[in-house]
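Asks: Can you read through this structure? Questions will come right after.
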Amino acid sequence: MSPDDNFNPVPTSDPNQDQAPDLTPPVAPDLAPAPEPAPAPQPALEDQPVVPPSPFQPFQPTAQPEPTQVVNPTPSPLSQPTPVVNPAPTPMPIVNSEPSSINPGAGSPRKPRRKLLLATIIAVAVVILGGGAAAAYNLYYQNPDKVVTDAFINVGNLKTIDTSTQMTYSDKSVNVKLNANVVYDQTAIQADGNLAISSVGTATPVNVSTNFNGFISKKGDVLLKVANSSDFLKLLAPSDETLVKSVAAKIDNKWISFSTQSDSTSPDATQQCFANVYDKLGKDTSQQNEIINAYKNNMFLIIDKKLAAKTINGVGSLGYQIHLDTNKFYAFGDALKQTTAGKAMLNCDNTVFDAFNRSSSTASDGTQEYEIYASRFGHQLMQFSGTYSKDDKKLSLVTNVKPNSNVKISEPKADTSFQNLTSDIESLYMNYYYTGSTVDIGTVSFGA
């Protein structure tokens, strides 16, 4: 038999036998859905003849696929959708265990809740802890008594200080105005300013003013320079213009020294004694603590109310209105006398603490009001002001402070000494007494 005799365009195998997969591309069927054919009856498995698969399946353009021959349950895009049964969906926790790369919000629904809960806990902790820290900060560090006490104690610990003071005094017959700048750098004190005095309703009108400079060294030497001294000298010798001009020429714009280098009985020796006490006090912390404890046990500055905070010299500051408790003031004086520094001061001058003497003190006389401002951080004294009034007398003072500022102090060279001017000053007083001239400037009276 020839090979062509085996070719048969019509299949001879049983229609129900398994066929090899058709590797030729299928012909696209009509897109309109065809009616589903009735399934052919399936013979029992043992009745089907065993036929080996043909190694070659010819192309059959007119053959229709039998439904029973579909072995892949997944439908082809061109196959009919109805006979395909989709597999059961996979549970969500397995399929979406990782966030989608397309939708960043997809993922486990519990994570945002955990993040929100964590953020809430952190926020509450911050509020509680922050509130507790703020409460401790205000209750202790910013306690008004601590602020005021620290401010005055810290003044003694400053390495440098720069102050500006305005003071006025008035009564029924005189007005006095003082402006002064004072700087300190642990080695010396330097001052400059202006003093003006004018009379009110006096028989002899007075209107004098002078600029001045001052210097105090660490060892106690004092130098003073004034300008326009003739206006003040005329108060002593108003009728002797020649004498006034002669003395003024020796004083005006001259550095006059008031030396402490003299015998032990002179007033200058007392000043030197105090200078030594202050020098030791500045170096000995145990002496400083004695004074600090004396004040803490007898706090005579009593806080009346808190003032509005303000900025002084560029520093935010807390303010308080205070008054003087005279009983505690006297008690502080008694305690101060028992300190090491207090005993040394009494050796220099036994009247140094008379201001604390209940029998002679005028601390309770008149009406007194004081205000203090201290830096919010560090509690450095920034401003002190006070007023005093009694009858027709009124005194006011405002001092602004720049703690630890950059100051430069140079000791001036003396042009003359007060001892060299003694004879000229005595001549003015002699003229004053012998002529019987009297010039009244308020409560200050010159004359016999």
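Naming works like this for the structure tokens: A, B, ... for the chains as they're shown, residue 1 at the start of each chain, ligands 1 onward in shown order.
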Would you list, as an mmCIF file with C-alpha atoms, in the first residue's frame, the residues of segment 207-447 of chain A that end up in helix (DSSP H, G or I) under DSSP run on this structure's backbone?
Replies:
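Contents of states_8.cif, as written:
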```cif
data_model
loop_
_atom_site.group_PDB
_atom_site.id
_atom_site.type_symbol
_atom_site.label_atom_id
_atom_site.label_comp_id
_atom_site.auth_asym_id
_atom_site.auth_seq_id
_atom_site.Cartn_x
_atom_site.Cartn_y
_atom_site.Cartn_z
ATOM 1 C CA SER A 230 31.309 129.229 89.715
ATOM 2 C CA ASP A 231 27.498 128.961 89.863
ATOM 3 C CA PHE A 232 27.756 126.853 93.024
ATOM 4 C CA LEU A 233 30.594 128.908 94.544
ATOM 5 C CA GLU A 241 33.012 137.793 92.440
ATOM 6 C CA THR A 242 36.823 137.997 92.279
ATOM 7 C CA LEU A 243 37.278 135.269 94.879
ATOM 8 C CA VAL A 244 34.698 133.104 93.144
ATOM 9 C CA LYS A 245 36.462 133.350 89.776
ATOM 10 C CA SER A 246 39.849 132.637 91.349
ATOM 11 C CA VAL A 247 38.702 129.434 93.029
ATOM 12 C CA ALA A 248 36.617 128.340 90.019
ATOM 13 C CA ALA A 249 39.676 128.549 87.788
ATOM 14 C CA LYS A 250 41.405 125.956 90.009
ATOM 15 C CA ILE A 251 38.377 123.615 89.998
ATOM 16 C CA PRO A 267 38.088 110.036 107.370
ATOM 17 C CA ASP A 268 40.047 108.697 104.406
ATOM 18 C CA ALA A 269 41.292 105.795 106.533
ATOM 19 C CA THR A 270 37.684 104.818 107.207
ATOM 20 C CA GLN A 271 37.012 104.728 103.511
ATOM 21 C CA GLN A 272 40.058 102.528 102.965
ATOM 22 C CA CYS A 273 38.829 100.205 105.715
ATOM 23 C CA PHE A 274 35.511 99.722 103.940
ATOM 24 C CA ALA A 275 37.309 99.144 100.645
ATOM 25 C CA ASN A 276 39.238 96.290 102.255
ATOM 26 C CA VAL A 277 36.042 94.777 103.666
ATOM 27 C CA TYR A 278 34.299 94.871 100.286
ATOM 28 C CA ASP A 279 37.345 93.363 98.581
ATOM 29 C CA LYS A 280 37.364 90.371 100.945
ATOM 30 C CA LEU A 281 33.597 90.017 100.670
ATOM 31 C CA GLY A 282 33.821 89.808 96.891
ATOM 32 C CA LYS A 283 36.319 86.930 97.083
ATOM 33 C CA THR A 285 31.691 83.012 99.050
ATOM 34 C CA SER A 286 31.132 81.961 102.662
ATOM 35 C CA GLN A 287 30.809 85.625 103.682
ATOM 36 C CA GLN A 288 28.441 86.200 100.776
ATOM 37 C CA ASN A 289 26.294 83.239 101.822
ATOM 38 C CA GLU A 290 26.049 84.629 105.363
ATOM 39 C CA ILE A 291 24.478 87.821 104.018
ATOM 40 C CA ILE A 292 22.253 85.909 101.594
ATOM 41 C CA ASN A 293 20.933 83.696 104.380
ATOM 42 C CA ALA A 294 20.377 86.732 106.594
ATOM 43 C CA TYR A 295 18.111 88.189 103.934
ATOM 44 C CA LYS A 296 16.336 84.906 103.128
ATOM 45 C CA THR A 326 9.975 97.551 108.402
ATOM 46 C CA ASN A 327 9.941 94.853 111.083
ATOM 47 C CA LYS A 328 11.782 92.402 108.826
ATOM 48 C CA PHE A 329 14.027 95.251 107.719
ATOM 49 C CA TYR A 330 15.122 95.800 111.318
ATOM 50 C CA ALA A 331 15.542 92.057 111.855
ATOM 51 C CA PHE A 332 17.746 91.835 108.766
ATOM 52 C CA GLY A 333 19.928 94.608 110.192
ATOM 53 C CA ASP A 334 20.342 92.697 113.452
ATOM 54 C CA ALA A 335 21.290 89.531 111.518
ATOM 55 C CA LEU A 336 23.684 91.480 109.269
ATOM 56 C CA LYS A 337 25.628 92.727 112.287
ATOM 57 C CA THR A 340 31.689 88.239 109.252
ATOM 58 C CA ALA A 341 31.428 91.163 106.846
ATOM 59 C CA GLY A 342 29.041 93.031 109.172
ATOM 60 C CA LYS A 343 31.439 92.783 112.097
ATOM 61 C CA ALA A 344 34.277 94.061 109.892
ATOM 62 C CA MET A 345 32.149 97.026 108.802
ATOM 63 C CA LEU A 346 31.410 97.902 112.427
ATOM 64 C CA ASN A 347 35.154 97.982 113.072
ATOM 65 C CA CYS A 348 35.470 100.563 110.285
ATOM 66 C CA ASP A 354 22.251 103.059 112.227
ATOM 67 C CA ALA A 355 19.715 102.881 109.409
ATOM 68 C CA PHE A 356 18.592 99.569 110.967
ATOM 69 C CA GLN A 419 44.318 119.385 100.155
ATOM 70 C CA ASN A 420 45.690 121.963 97.688
ATOM 71 C CA LEU A 421 42.303 123.633 97.541
ATOM 72 C CA THR A 422 41.680 123.707 101.278
ATOM 73 C CA SER A 423 42.824 127.299 101.792
ATOM 74 C CA ASP A 424 40.655 128.558 98.928
ATOM 75 C CA ILE A 425 37.583 126.737 100.261
ATOM 76 C CA GLU A 426 38.220 128.200 103.721
ATOM 77 C CA SER A 427 38.356 131.692 102.214
ATOM 78 C CA LEU A 428 34.944 131.180 100.684
ATOM 79 C CA TYR A 429 33.493 130.026 104.009
ATOM 80 C CA MET A 430 35.065 132.945 105.864
ATOM 81 C CA ASN A 431 33.546 135.368 103.396
ATOM 82 C CA TYR A 432 30.265 133.568 103.757
ATOM 83 C CA TYR A 433 30.125 133.783 107.538
ATOM 84 C CA TYR A 434 31.570 137.266 107.990
ATOM 85 C CA THR A 435 29.293 138.907 105.478
#
```
Asks: Please determine, counting only C-alpha atoms, which residue among A:Asn357, A:Asn297, A:Ser170, A:Ser405 has the shortest atom-to-atom distance to Ser199 of chain A.
Replies: A:Ser170
Asks: What's the separation between atom CA of Phe215 of chain A and atom CA of Ser385 of chain A, in Å to one decimal place?
Replies: 24.4 Å
Asks: I need the residue nearest Gly366 of chain A from this list: A:Leu395, A:Ala180, A:Leu235, A:Leu381. Use only C-alpha atoms for the distance.
Replies: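 Answer, going by the shortest atom-to-atom distance: A:Leu395.
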Asks: Which is closer to Gly156 of chain A than all the others in A:Gly201, A:Phe258, A:Tyr184, A:His323, using only C-alpha atoms?
Replies: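 When distances to Gly156 of chain A are compared using only C-alpha atoms, the smallest one comes from A:Tyr184.
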Asks: Just list the residues in segment 139-191 of chain A DSSP gives strand (DSSP E or B) on the backbone, as a list in words.
Replies: Ile161, Asp162, Thr163, Ser164, Thr165, Gln166, Met167, Thr168, Tyr169, Ser170, Val174, Asn175, Val176, Lys177, Leu178, Asn179, Ala180, Asn181, Val182, Val183, Tyr184, Ala188, Ile189, Gln190 and Ala191 of chain A
